[in-house]
Amino acid sequence: MNILNADLHSHSVISDGTLQPEALAARAKANGVELWALTDHDEIDGQKRALDAAMHVGLPYLTGTEISVTFAGLTVHIVGLGFDANSPVLQAGLESTRSGRDLRAREMGDGLAKVGIKGAYEGALRYVSNPSLISRTHFARFLVDNGVCSDTHEVFRKFLVEGRPGFVPHRWAALGDAVHWITAAGGMAVIAHPGRYKFTANEEYALFTEFIAHGGRGVEVITGSHNSADFVRYTETALEFGLMASRGSDFHSPAESRIDLGALPVLPGKLTPVWEALADRIAYPSQ
Ligand code: AMP
Ligand code: MN
Ligand code: MN
Ligand code: MN
């Protein structure tokens, strides 16, 4: 089961990806993905389209989302997999998480205006498909296309991270709430790309222990956001905490993403894949 080409982390235009759910399903299938989940940020509006498209191309599918959480002063992402997308608890939780995004984006625009970059909020909005989901990525695309920076990574480094002019501190969901919304909807909560967070060892330990205490059961080990040292490190962390392991590219765009759908190494054999516990939540195409 560990050798399954599962890709359980990807983004469409419903959040900050550049492809439609249907194009992602086709791309995943063409790349040899055997189990797919669309995990748009704080949003499940694309789930029906993703499921239908996956069935159409003959690709097993799990529902997905990636919830923004604030923990110990930093932003952490919690992936939810295999939930019932009609759950009112999950829908209300995601709606509340999305609700601060527009004001934050306006403030980001004000911050950028102060360093001479005018009209960034309106500019970023032109890249947004879902009006309730404006993200830093949309600002990054606007600044690249206007020649302010040469790629989105440079925009983040110079403008969109803590201490930079376009950064606006934001309080996202509480860890326990995000895990609860997912599990109340029958899904599994998974810590996304733990190698990306700038936590001390104690803070990271607290993240994992509190996550588990709230009912979280999985961690991403093989992700497009990890290097090979992270693969080894979080394999050990998964074993130490008794967590199941997930795998996903975090694909956003053919032009921007380093790792394509389905292109990562397989999960190490000593880990238990999240899809074993989610077997009865997988939708299979009819023959
Ligand atoms: P937001 O949810 O609005 O804070 O935006 C977060 C998104 O920005 C992430 O999901 C990534 O897609 C993107 N992102 C974060 N850091 C970087 C980076 N250094 N380079 C490129 N994209 C990034
Ligand atoms: Mn993103
Ligand atoms: Mn993320
Ligand atoms: Mn992601």
# chains A, B, ... in the order shown; residues from 1 in each chain; ligands from 1
$ residues_near_ligand --ligand "ligand 1" --cutoff "9 Å" --atoms "only C-alpha atoms and all ligand atoms" --output "number ranges by chain"
A: 11, 15-17, 40-42, 66-68, 75, 77, 101, 104-105, 133-140, 151-157, 160-161, 170, 250-252, 256-257
$ select_by_dssp --residues "range 49-184 of chain A" --states "alpha helix (DSSP H)" --output "PyMOL selection string"
chain A and resi 49-57+88-98+101-114+120-125+136-145+152-155+175-184
$ residues_around --residues "Arg106 in chain A" --least-positions-apart "4" --cutoff "7 Å" --atoms "only C-alpha atoms" --output "ChimeraX atom specification"
/A:102,110,121
$ write_last_selection --atoms "C-alpha atoms" --output "mmCIF file, in the first residue's frame"
data_model
loop_
_atom_site.group_PDB
_atom_site.id
_atom_site.type_symbol
_atom_site.label_atom_id
_atom_site.label_comp_id
_atom_site.auth_asym_id
_atom_site.auth_seq_id
_atom_site.Cartn_x
_atom_site.Cartn_y
_atom_site.Cartn_z
ATOM 1 C CA ASP A 102 -10.542 40.404 2.452
ATOM 2 C CA ASP A 110 -2.011 49.618 2.143
ATOM 3 C CA TYR A 121 -5.175 44.999 -3.675
#
$ closest_residue --among "A:His56, A:Arg233, A:Lys270, A:His193" --to "ligand 2" --atoms "only C-alpha atoms and all ligand atoms"
A:His193
$ residues_around --residues "Ala178 in chain A" --least-positions-apart "5" --cutoff "9 Å" --atoms "only C-alpha atoms" --output "list of chain:residue names"
A:Ile67, A:Ser68, A:Val69, A:Ile78, A:Gly80, A:Leu90, A:Gly93, A:Leu94, A:Ala173, A:Thr183, A:Ala189
$ write_last_selection --atoms "N, CA, C and O atoms" --output "PDB file, in the first residue's frame"
ATOM      1  N   ILE A  67      -6.622  23.762   6.106  1.00  0.00           N
ATOM      2  CA  ILE A  67      -7.120  24.825   6.983  1.00  0.00           C
ATOM      3  C   ILE A  67      -5.962  25.622   7.574  1.00  0.00           C
ATOM      4  O   ILE A  67      -4.991  25.055   8.086  1.00  0.00           O
ATOM      5  N   SER A  68      -6.090  26.955   7.526  1.00  0.00           N
ATOM      6  CA  SER A  68      -5.089  27.859   8.108  1.00  0.00           C
ATOM      7  C   SER A  68      -5.344  27.980   9.607  1.00  0.00           C
ATOM      8  O   SER A  68      -6.455  28.306  10.031  1.00  0.00           O
ATOM      9  N   VAL A  69      -4.293  27.762  10.386  1.00  0.00           N
ATOM     10  CA  VAL A  69      -4.384  27.731  11.851  1.00  0.00           C
ATOM     11  C   VAL A  69      -3.280  28.622  12.411  1.00  0.00           C
ATOM     12  O   VAL A  69      -2.207  28.732  11.810  1.00  0.00           O
ATOM     13  N   ILE A  78      -3.395  22.644   8.458  1.00  0.00           N
ATOM     14  CA  ILE A  78      -3.921  21.325   8.789  1.00  0.00           C
ATOM     15  C   ILE A  78      -4.748  20.832   7.605  1.00  0.00           C
ATOM     16  O   ILE A  78      -5.735  21.469   7.228  1.00  0.00           O
ATOM     17  N   GLY A  80      -7.343  18.313   5.889  1.00  0.00           N
ATOM     18  CA  GLY A  80      -8.442  17.405   6.235  1.00  0.00           C
ATOM     19  C   GLY A  80      -8.699  16.505   5.038  1.00  0.00           C
ATOM     20  O   GLY A  80      -8.727  16.972   3.905  1.00  0.00           O
ATOM     21  N   LEU A  90     -18.201  21.633   9.443  1.00  0.00           N
ATOM     22  CA  LEU A  90     -17.011  21.929   8.641  1.00  0.00           C
ATOM     23  C   LEU A  90     -17.245  23.170   7.777  1.00  0.00           C
ATOM     24  O   LEU A  90     -16.395  24.061   7.702  1.00  0.00           O
ATOM     25  N   GLY A  93     -17.086  26.307   9.921  1.00  0.00           N
ATOM     26  CA  GLY A  93     -15.722  26.561  10.380  1.00  0.00           C
ATOM     27  C   GLY A  93     -14.866  27.158   9.273  1.00  0.00           C
ATOM     28  O   GLY A  93     -14.120  28.126   9.481  1.00  0.00           O
ATOM     29  N   LEU A  94     -14.992  26.598   8.080  1.00  0.00           N
ATOM     30  CA  LEU A  94     -14.201  27.115   6.957  1.00  0.00           C
ATOM     31  C   LEU A  94     -14.643  28.528   6.598  1.00  0.00           C
ATOM     32  O   LEU A  94     -13.816  29.399   6.315  1.00  0.00           O
ATOM     33  N   ALA A 173      -7.660  30.080  12.389  1.00  0.00           N
ATOM     34  CA  ALA A 173      -8.411  29.198  13.294  1.00  0.00           C
ATOM     35  C   ALA A 173      -7.522  28.676  14.426  1.00  0.00           C
ATOM     36  O   ALA A 173      -6.300  28.638  14.301  1.00  0.00           O
ATOM     37  N   THR A 183     -12.817  16.259  11.991  1.00  0.00           N
ATOM     38  CA  THR A 183     -13.215  14.953  12.541  1.00  0.00           C
ATOM     39  C   THR A 183     -14.736  14.876  12.713  1.00  0.00           C
ATOM     40  O   THR A 183     -15.327  13.817  12.506  1.00  0.00           O
ATOM     41  N   ALA A 189      -7.618  14.492  10.281  1.00  0.00           N
ATOM     42  CA  ALA A 189      -6.776  15.693  10.286  1.00  0.00           C
ATOM     43  C   ALA A 189      -5.305  15.294  10.195  1.00  0.00           C
ATOM     44  O   ALA A 189      -4.869  14.337  10.844  1.00  0.00           O
TER      45      ALA A 189
END
$ residues_around --residues "Val13 in chain A" --least-positions-apart "4" --cutoff "8 Å" --atoms "only C-alpha atoms" --output "ChimeraX atom specification"
/A:17-21,128-130
$ residues_around --residues "Gly119 in chain A" --least-positions-apart "5" --cutoff "9 Å" --atoms "only C-alpha atoms" --output "JSON, numbers by chain"
{"A": [109, 110, 112, 113, 124]}
$ closest_residue --among "A:Arg164, A:His180, A:Arg258, A:Arg196" --to "Val76 in chain A" --atoms "only C-alpha atoms"
A:Arg196
$ atom_distance --atom1 "CA of Tyr234 in chain A" --atom2 "CA of Thr272 in chain A"
12.9 Å
$ atom_distance --atom1 "CA of Lys29 in chain A" --atom2 "CA of Phe83 in chain A"
22.2 Å
$ select_by_dssp --residues "range 105-271 of chain A" --states "strand (DSSP E)" --output "number ranges by chain"
A: 188-191, 218-223, 244-248
$ residues_around --residues "Leu8 in chain A" --least-positions-apart "4" --cutoff "7 Å" --atoms "only C-alpha atoms" --output "ChimeraX atom specification"
/A:36-38,247-248
$ closest_residue --among "A:Tyr197, A:Phe167, A:Tyr205, A:Phe211" --to "Ser225 in chain A" --atoms "only C-alpha atoms"
A:Tyr197
$ closest_residue --among "A:Gly224, A:Pro268, A:Pro285, A:Pro273" --to "ligand 2" --atoms "only C-alpha atoms and all ligand atoms"
A:Gly224
$ closest_residue --among "A:Ile44, A:Ile14, A:Met244, A:Leu35" --to "ligand 2" --atoms "only C-alpha atoms and all ligand atoms"
A:Ile14
$ closest_residue --among "A:Gly186, A:Gly176, A:Pro254, A:Gly163" --to "Leu207 in chain A" --atoms "only C-alpha atoms"
A:Gly176
$ atom_distance --atom1 "CA of Met1 in chain A" --atom2 "CA of Leu24 in chain A"
23.4 Å
